$ cat upload_34.txt   # compact mmCIF, C-alpha atoms
# COMPACT_ATOMS: atom_id res chain seq x y z
CA MET I 57 -2.10 -7.06 12.74
CA ALA I 58 -2.48 -8.73 16.13
CA GLU I 59 -4.48 -6.66 18.56
CA GLN I 60 -2.12 -5.09 21.03
CA ASP I 61 -4.47 -3.88 23.75
CA PHE I 62 -5.08 -0.48 22.28
CA ARG I 63 -6.94 1.84 24.59
CA PRO I 64 -9.42 4.19 22.93
CA GLY I 65 -8.39 7.81 23.47
CA SER I 66 -4.81 7.02 24.49
CA GLN I 67 -2.40 9.12 22.48
CA ASP I 68 0.48 6.71 23.12
CA ASP I 69 -1.57 3.87 21.73
CA PHE I 70 -2.57 5.91 18.70
CA ASP I 71 1.11 6.72 18.08
CA ARG I 72 1.83 2.98 18.20
CA LEU I 73 -1.01 2.28 15.80
CA TYR I 74 0.21 5.05 13.51
CA ARG I 75 3.72 3.60 13.40
CA SER I 76 2.57 0.05 12.74
CA SER I 77 -0.20 0.85 10.25
CA TYR I 78 0.68 3.99 8.29
CA ASN I 79 2.57 2.35 5.43
CA ARG I 80 0.09 -0.53 5.21
CA VAL I 81 -2.92 1.78 5.01
CA LEU I 82 -1.04 3.96 2.51
CA TYR I 83 -0.44 0.92 0.32
CA THR I 84 -4.13 -0.02 0.34
CA VAL I 85 -5.12 3.51 -0.64
CA TYR I 86 -2.45 3.51 -3.36
CA GLY I 87 -3.94 0.27 -4.70
CA ILE I 88 -7.37 1.91 -4.85
CA LEU I 89 -6.30 5.22 -6.40
CA GLY I 90 -3.18 4.22 -8.35
CA ASP I 91 -1.64 7.59 -7.56
CA GLN I 92 0.98 7.85 -4.84
CA ALA I 93 0.67 11.58 -4.17
CA ALA I 94 -3.11 11.29 -3.82
CA ALA I 95 -2.69 8.21 -1.64
CA GLU I 96 -0.35 10.16 0.67
CA ASP I 97 -2.88 12.99 0.98
CA CYS I 98 -5.79 10.63 1.64
CA THR I 99 -3.85 8.57 4.20
CA HIS I 100 -2.78 11.74 5.97
CA ASP I 101 -6.39 12.92 6.04
CA ALA I 102 -7.55 9.51 7.27
CA PHE I 103 -5.14 9.57 10.22
CA VAL I 104 -6.27 13.08 11.11
CA ARG I 105 -9.90 11.90 11.13
CA ALA I 106 -9.05 8.71 12.97
CA PHE I 107 -7.22 10.64 15.69
CA LYS I 108 -10.25 12.87 16.20
CA ALA I 109 -12.46 9.78 16.53
CA TRP I 110 -9.96 7.68 18.50
CA ALA I 111 -11.75 8.13 21.82
CA SER I 112 -14.87 6.53 20.33
CA TRP I 113 -13.09 3.52 18.79
CA LYS I 114 -14.59 0.27 20.07
CA PRO I 115 -12.24 -2.71 20.40
CA ASP I 116 -14.84 -5.06 18.87
CA ALA I 117 -12.88 -4.91 15.60
CA PRO I 118 -9.14 -4.68 14.92
CA ALA I 119 -7.88 -1.10 15.12
CA GLU I 120 -6.13 -1.37 11.76
CA ALA I 121 -9.36 -2.51 10.06
CA TRP I 122 -11.06 0.51 11.63
CA LEU I 123 -8.32 2.75 10.21
CA HIS I 124 -8.75 1.09 6.84
CA ARG I 125 -12.46 1.83 6.93
CA ILE I 126 -11.79 5.54 7.44
CA ALA I 127 -9.02 5.64 4.82
CA ILE I 128 -11.06 3.74 2.23
CA ASN I 129 -13.96 6.17 2.68
CA VAL I 130 -11.60 9.11 2.27
CA ALA I 131 -10.21 7.49 -0.89
CA TYR I 132 -13.72 6.92 -2.31
CA THR I 133 -14.60 10.57 -1.72
CA TYR I 134 -11.35 11.68 -3.34
CA ALA I 135 -11.97 9.41 -6.35
CA ARG I 136 -15.52 10.76 -6.79
CA ARG I 137 -14.22 14.34 -6.77
CA ARG I 138 -11.45 13.41 -9.18
CA ARG I 139 -13.98 11.82 -11.53
CA LEU I 140 -16.14 14.95 -11.43
CA GLY I 141 -13.02 17.02 -12.15
CA GLU I 142 -12.19 14.75 -15.09
CA VAL I 143 -15.69 15.19 -16.52
CA GLY I 144 -15.28 18.97 -16.27
CA GLU I 145 -11.88 18.73 -17.93
CA LEU I 146 -13.33 16.56 -20.69
CA VAL I 147 -16.02 19.13 -21.38
CA ARG I 148 -13.41 21.92 -21.47
CA ARG I 149 -11.18 20.17 -23.98
CA LEU I 150 -13.86 18.70 -26.27
CA GLY I 151 -12.44 18.32 -29.72
CA ARG I 152 -8.82 18.54 -28.56
CA PRO I 153 -6.57 15.48 -28.35
CA ALA I 154 -6.28 13.85 -24.93
CA PRO I 155 -3.02 14.55 -23.07
CA ALA I 156 -0.53 11.69 -22.97
CA ALA I 157 0.08 9.86 -19.68
CA GLU I 158 2.93 11.19 -17.57
CA PRO I 159 6.05 9.08 -18.29
CA ALA I 160 6.77 8.78 -14.57
CA ASP I 161 3.29 7.33 -13.95
CA VAL I 162 3.76 4.75 -16.67
CA ALA I 163 7.27 3.81 -15.57
CA GLU I 164 6.54 3.16 -11.92
CA THR I 165 3.27 1.27 -12.28
CA SER I 166 3.27 -2.50 -12.72
CA ASP I 167 0.76 -4.44 -14.83
CA LEU I 168 -1.02 -5.44 -11.66
CA PHE I 169 -1.48 -1.87 -10.46
CA ARG I 170 -2.60 -0.72 -13.89
CA ALA I 171 -5.20 -3.49 -13.80
CA LEU I 172 -6.23 -2.65 -10.23
CA ARG I 173 -6.76 0.94 -11.32
CA ARG I 174 -9.33 -0.24 -13.85
CA LEU I 175 -11.29 -2.17 -11.20
CA PRO I 176 -14.11 -0.60 -9.20
CA HIS I 177 -12.48 0.89 -6.08
CA GLU I 178 -14.20 -1.53 -3.75
CA GLN I 179 -12.87 -4.50 -5.73
CA ALA I 180 -9.32 -3.16 -5.67
CA ALA I 181 -9.64 -2.69 -1.90
CA VAL I 182 -10.90 -6.21 -1.27
CA ILE I 183 -8.03 -7.69 -3.32
CA ILE I 184 -5.36 -5.86 -1.32
CA LEU I 185 -6.98 -6.46 2.06
CA ARG I 186 -7.16 -10.21 1.45
CA HIS I 187 -4.16 -10.94 -0.73
CA HIS I 188 -1.65 -8.57 0.81
CA HIS I 189 -2.79 -7.87 4.35
CA GLY I 190 -4.26 -11.35 4.82
CA TYR I 191 -7.49 -10.01 6.34
CA THR I 192 -10.29 -12.43 7.18
CA ASN I 193 -13.78 -11.97 5.72
CA ARG I 194 -14.88 -10.41 8.99
CA GLU I 195 -12.05 -7.87 8.96
CA ILE I 196 -12.67 -7.04 5.31
CA ALA I 197 -16.37 -6.60 6.04
CA PHE I 198 -15.53 -4.19 8.82
CA ALA I 199 -13.03 -2.25 6.71
CA LEU I 200 -15.51 -1.89 3.85
CA GLY I 201 -18.58 -1.36 6.02
CA ALA I 202 -20.30 -4.29 4.30
CA PRO I 203 -22.06 -7.44 5.57
CA GLU I 204 -19.65 -10.32 6.18
CA SER I 205 -21.92 -12.66 4.20
CA THR I 206 -21.23 -10.76 0.97
CA ILE I 207 -17.45 -10.65 1.19
CA ALA I 208 -16.69 -14.06 -0.35
CA SER I 209 -18.77 -13.30 -3.45
CA ARG I 210 -17.28 -9.79 -3.74
CA LEU I 211 -13.81 -11.24 -3.55
CA ALA I 212 -14.61 -13.85 -6.21
CA LYS I 213 -16.00 -11.13 -8.50
CA ALA I 214 -12.99 -8.92 -7.92
CA LYS I 215 -10.56 -11.74 -8.74
CA LYS I 216 -12.46 -12.69 -11.87
CA ARG I 217 -12.44 -9.10 -13.04
CA LEU I 218 -8.74 -8.79 -12.26
CA ARG I 219 -7.92 -11.97 -14.18
CA ASP I 220 -9.92 -10.65 -17.13
CA GLU I 221 -8.09 -7.34 -17.01
CA LEU I 222 -4.74 -9.14 -16.93
CA ARG I 223 -5.91 -11.66 -19.56
CA TRP I 224 -4.85 -14.44 -17.25
CA PRO I 225 -5.44 -17.73 -19.12
CA ASP I 226 -7.77 -20.29 -17.61
CA ALA I 227 -7.30 -23.17 -20.02
CA PRO I 228 -5.83 -26.33 -18.44
CA GLY I 229 -2.40 -27.35 -19.70
CA GLN I 230 -1.12 -23.80 -19.82
CA VAL I 231 1.70 -22.84 -17.51
CA VAL I 232 1.97 -19.18 -16.77
CA THR I 233 4.96 -17.36 -15.41
CA ARG I 234 3.47 -13.88 -15.76
CA PRO I 235 0.60 -12.74 -17.91
CA ASP I 236 2.75 -10.33 -19.91
CA THR I 237 5.71 -12.63 -20.48
CA VAL I 238 5.90 -16.26 -21.55
CA VAL I 239 3.05 -18.72 -21.80
CA VAL I 240 4.22 -22.30 -22.28
CA LEU I 241 1.60 -24.42 -23.99
CA GLU I 242 1.07 -28.13 -23.50
CA ASP I 243 3.01 -29.03 -26.66
CA GLY I 244 6.07 -27.13 -25.43
CA SER I 245 5.66 -24.19 -27.77
CA GLN I 246 5.56 -20.67 -26.46
CA GLY I 247 2.48 -18.55 -26.94
CA MET X 265 -4.98 -22.47 -11.75
CA SER X 266 -6.57 -20.29 -9.07
CA ASP X 267 -3.80 -21.14 -6.61
CA LYS X 268 -1.24 -20.18 -9.23
CA PHE X 269 -2.99 -16.88 -9.79
CA ASP X 270 -3.24 -16.27 -6.04
CA GLY X 271 0.47 -17.00 -5.66
CA TRP X 272 1.40 -14.65 -8.48
CA LEU X 273 -0.95 -11.95 -7.17
CA GLU X 274 0.43 -12.13 -3.64
CA GLY X 275 4.01 -12.05 -4.92
CA GLU X 276 3.31 -8.97 -7.06
CA LEU X 277 1.53 -7.21 -4.20
CA ALA X 278 4.41 -7.99 -1.85
CA GLU X 279 6.95 -6.68 -4.35
CA GLY X 280 4.89 -3.54 -4.85
CA TYR X 281 4.85 -3.04 -1.09
CA THR X 282 8.65 -2.98 -0.89
CA ARG X 283 8.47 0.61 -2.17
CA PHE X 284 6.35 1.50 0.84
CA ALA X 285 7.69 -0.83 3.54
CA ASN X 286 11.00 0.98 3.96
CA ARG X 287 9.52 4.47 3.94
CA ARG X 288 10.07 6.64 6.96
CA LEU X 289 6.80 7.94 8.38
CA PRO X 290 5.88 11.61 8.04
CA ALA X 291 7.79 13.41 10.77
CA GLY X 292 6.17 13.60 14.18
CA ALA X 293 2.57 12.93 15.02
CA HIS X 294 1.29 15.10 12.19
CA TYR X 295 -2.32 14.27 12.98
CA LEU X 296 -2.08 16.44 16.12
CA SER X 297 -1.72 19.62 14.08
CA SER X 298 -5.10 18.98 12.44
CA GLU X 299 -6.99 20.76 15.21
CA ARG X 300 -5.63 24.06 13.99
CA LEU X 301 -6.39 23.53 10.31
CA GLY X 302 -9.25 25.93 9.92
CA SER X 303 -8.82 27.31 6.43
CA THR X 304 -8.26 25.65 3.09
CA THR X 305 -5.32 27.97 2.43
CA LEU X 306 -3.57 26.81 5.55
CA ALA X 307 -4.35 23.20 4.67
CA ARG X 308 -2.76 23.72 1.26
CA LYS X 309 0.34 25.24 2.81
CA VAL X 310 0.61 22.28 5.14
CA ALA X 311 0.19 19.94 2.17
CA VAL X 312 3.09 21.64 0.38
CA VAL X 313 5.30 21.39 3.45
CA PHE X 314 4.20 17.79 3.88
CA ALA X 315 5.14 16.99 0.28
CA ALA X 316 8.56 18.60 0.82
CA ILE X 317 9.06 16.49 3.95
CA VAL X 318 8.03 13.35 2.06
CA LEU X 319 10.59 14.13 -0.66
CA ALA X 320 13.29 14.69 1.93
CA LEU X 321 12.34 11.46 3.67
CA MET X 322 12.45 9.55 0.41
CA ALA X 323 16.03 10.76 -0.07
CA THR X 324 16.86 9.77 3.52
CA THR X 325 15.28 6.37 2.96
CA ALA X 326 17.53 5.75 -0.03
CA ILE X 327 20.56 6.55 2.15
CA ALA X 328 19.24 4.30 4.94
CA ALA X 329 18.69 1.50 2.46
CA ALA X 330 22.21 1.95 1.20
CA ALA X 331 23.59 1.75 4.73
CA ALA X 332 21.51 -1.32 5.54
CA THR X 333 22.59 -3.26 2.50
CA GLY X 334 26.11 -1.93 2.35
CA SER X 335 25.54 -0.51 -1.10
CA PRO X 336 24.60 2.94 -2.38
CA ASN X 337 22.60 1.25 -5.12
CA PRO X 338 18.85 1.08 -4.34
CA VAL X 339 18.69 -1.92 -6.69
CA ILE X 340 20.55 -3.90 -3.99
CA TRP X 341 17.82 -3.01 -1.51
CA GLY X 342 15.27 -4.13 -4.08
CA ARG X 343 17.07 -7.47 -4.45
CA TYR X 344 17.16 -7.89 -0.68
CA MET X 345 13.42 -7.27 -0.50
CA LYS X 346 12.80 -9.72 -3.35
CA THR X 347 14.60 -12.38 -1.30
CA VAL X 348 12.39 -11.47 1.65
CA VAL X 349 9.27 -11.80 -0.51
CA THR X 350 10.36 -15.25 -1.72
CA THR X 351 11.09 -16.41 1.83
CA CYS X 352 7.77 -15.09 3.07
CA LYS X 353 5.92 -16.85 0.25
CA ASP X 354 7.67 -20.12 1.13
CA GLN X 355 6.59 -19.74 4.75
CA LEU X 356 2.94 -19.29 3.82
CA HIS X 357 0.86 -22.29 4.87
CA SER X 358 -1.79 -23.74 2.60
CA GLY X 359 -5.02 -21.73 2.80
CA GLN X 360 -3.29 -18.65 4.20
CA HIS X 361 -3.39 -15.40 2.30
CA GLY X 362 -1.21 -12.33 2.24
CA ILE X 363 2.44 -11.97 3.08
CA GLY X 364 2.21 -8.29 3.93
CA ASN X 365 2.80 -8.85 7.64
CA CYS X 366 5.88 -10.98 6.98
CA VAL X 367 7.36 -8.43 4.52
CA SER X 368 6.58 -5.53 6.87
CA ALA X 369 8.27 -7.31 9.78
CA ALA X 370 11.40 -8.03 7.71
CA ALA X 371 11.62 -4.41 6.52
CA ARG X 372 11.13 -3.13 10.08
CA GLN X 373 13.75 -5.51 11.45
CA LYS X 374 16.25 -4.38 8.81
CA GLY X 375 15.45 -0.75 9.59
CA THR X 376 16.02 -1.28 13.32
CA GLN X 377 19.26 -3.12 12.64
CA GLU X 378 20.43 -0.30 10.38
CA ARG X 379 19.59 2.34 13.00
CA GLU X 380 21.47 0.41 15.68
CA GLU X 381 24.51 0.08 13.44
CA HIS X 382 24.28 3.74 12.56
CA SER X 383 24.15 4.81 16.22
CA LYS X 384 27.10 2.50 17.03
CA GLY X 385 29.02 4.12 14.21
CA GLN X 386 28.33 7.55 15.62
CA GLY X 387 29.64 6.39 19.00
CA HIS X 388 33.12 5.81 17.58
CA GLY X 389 33.55 9.51 16.83
CA ARG X 390 34.55 11.17 13.63
CA PRO X 391 37.67 10.17 11.78
CA SER X 392 40.40 12.77 11.87
CA PRO X 393 40.71 14.80 8.69
$ encode --input "upload_34.txt" --output "structure tokens"
Amino acid sequence: MAEQDFRPGSQDDFDRLYRSSYNRVLYTVYGILGDQAAAEDCTHDAFVRAFKAWASWKPDAPAEAWLHRIAINVAYTYARRRRLGEVGELVRRLGRPAPAAEPADVAETSDLFRALRRLPHEQAAVIILRHHHGYTNREIAFALGAPESTIASRLAKAKKRLRDELRWPDAPGQVVTRPDTVVVLEDGSQG
Amino acid sequence: MSDKFDGWLEGELAEGYTRFANRRLPAGAHYLSSERLGSTTLARKVAVVFAAIVLALMATTAIAAAAATGSPNPVIWGRYMKTVVTTCKDQLHSGQHGIGNCVSAAARQKGTQEREEHSKGQGHGRPSP
């Protein structure tokens, strides 16, 4: 997002930021958590926190990257609590069969989002920030609270892991339409 | 091969975003009410109300999408957004990443257009029964 002369502490400016960024931040959090209801809660919480801290925002970084930083931290905290809850649940149902996935969850999640869900949260975040929001390394570094010098390698690792999860073929001569559909080999046959 | 993967990845992310791009925001500046959220119970109640509002808004969004595309079928809206995604991908220069801004702008523009048409429609008055 282009910086639009946001003034720290101005409620009008925060409203503007809210309108332009809410769905984008929500999408990033959804990519990290893979759960829309949880993403809504975390994004809501992030905007509440951001509003409280708005007066102290410094325009040395894009306001949306700052919002992302808050939202990503909220999402990490949520994911940690969820993991602890899952461990507790696992202990409670030891010996019983695991519950099946909700049909709605399966139906509305694409291969990509299923793969993103299996990535470490930070890797999922870096993928969405770069490949959807088009953030620069500097903006990603700010949003993740990490040194800018490490972002390129983190992104490379994240993409490699994602390709592995999707079983994206690397061999030359293979033309891929989508990883789960048709792979046309060099000799014209379909694999 | 990496470029191909990047292209596929960005297309999938853009398509995934179409579910979010046309969403109406939670009503009002909800972050203002946070100052009064002292207890967990109250926060839970607010969360329930919030979820109800989100559901209502999702229904409204479907109607808005229908009005914007001239069809009650949300699939038509999906097709429209797919066209937008393709156009945005074509406009991407070499070395650039992410078409989120382009898709967001197209969804916003369509939303504004739909609202204007809707308000014009209201100006003509109701048809006689």
$ interface_residues --input "upload_34.txt" --of "chain I" --to "chain X" --cutoff "8 Å" --atoms "only C-alpha atoms" --output "number ranges by chain"
I: 57, 71, 75, 78-80, 82-83, 97, 100, 103-104, 107, 168, 184, 186-191, 226, 228, 234
$ closest_residue --input "upload_34.txt" --among "I:Ile183, I:Ala197, I:Val81, I:Ala94" --to "I:Arg137" --atoms "only C-alpha atoms"
I:Ala94
$ atom_distance --input "upload_34.txt" --atom1 "atom CA of X:Ala320" --atom2 "atom CA of X:Met345"
22.1 Å
$ residues_around --input "upload_34.txt" --residues "I:Tyr86" --least-positions-apart "6" --cutoff "10 Å" --atoms "only C-alpha atoms" --output "list in words"
Arg80, Gln92, Ala93, Ala94, Ala95, Glu96, Cys98, Thr99, Ala131, Phe169, Leu172, Arg173, Ala180 and Ala181 of chain I; Phe284 of chain X
$ atom_distance --input "upload_34.txt" --atom1 "atom CA of I:Ile207" --atom2 "atom CA of I:Asn193"
6.0 Å
$ atom_distance --input "upload_34.txt" --atom1 "atom CA of X:Thr324" --atom2 "atom CA of X:Val310"
20.6 Å
$ closest_residue --input "upload_34.txt" --among "I:Val147, I:Ile126, I:Leu140, I:Ala117" --to "I:Thr192" --atoms "all atoms listed in the file"
I:Ala117
$ closest_residue --input "upload_34.txt" --among "I:Glu204, I:Asp167, I:Glu195, I:Asp91" --to "I:Leu218" --atoms "all atoms listed in the file"
I:Asp167
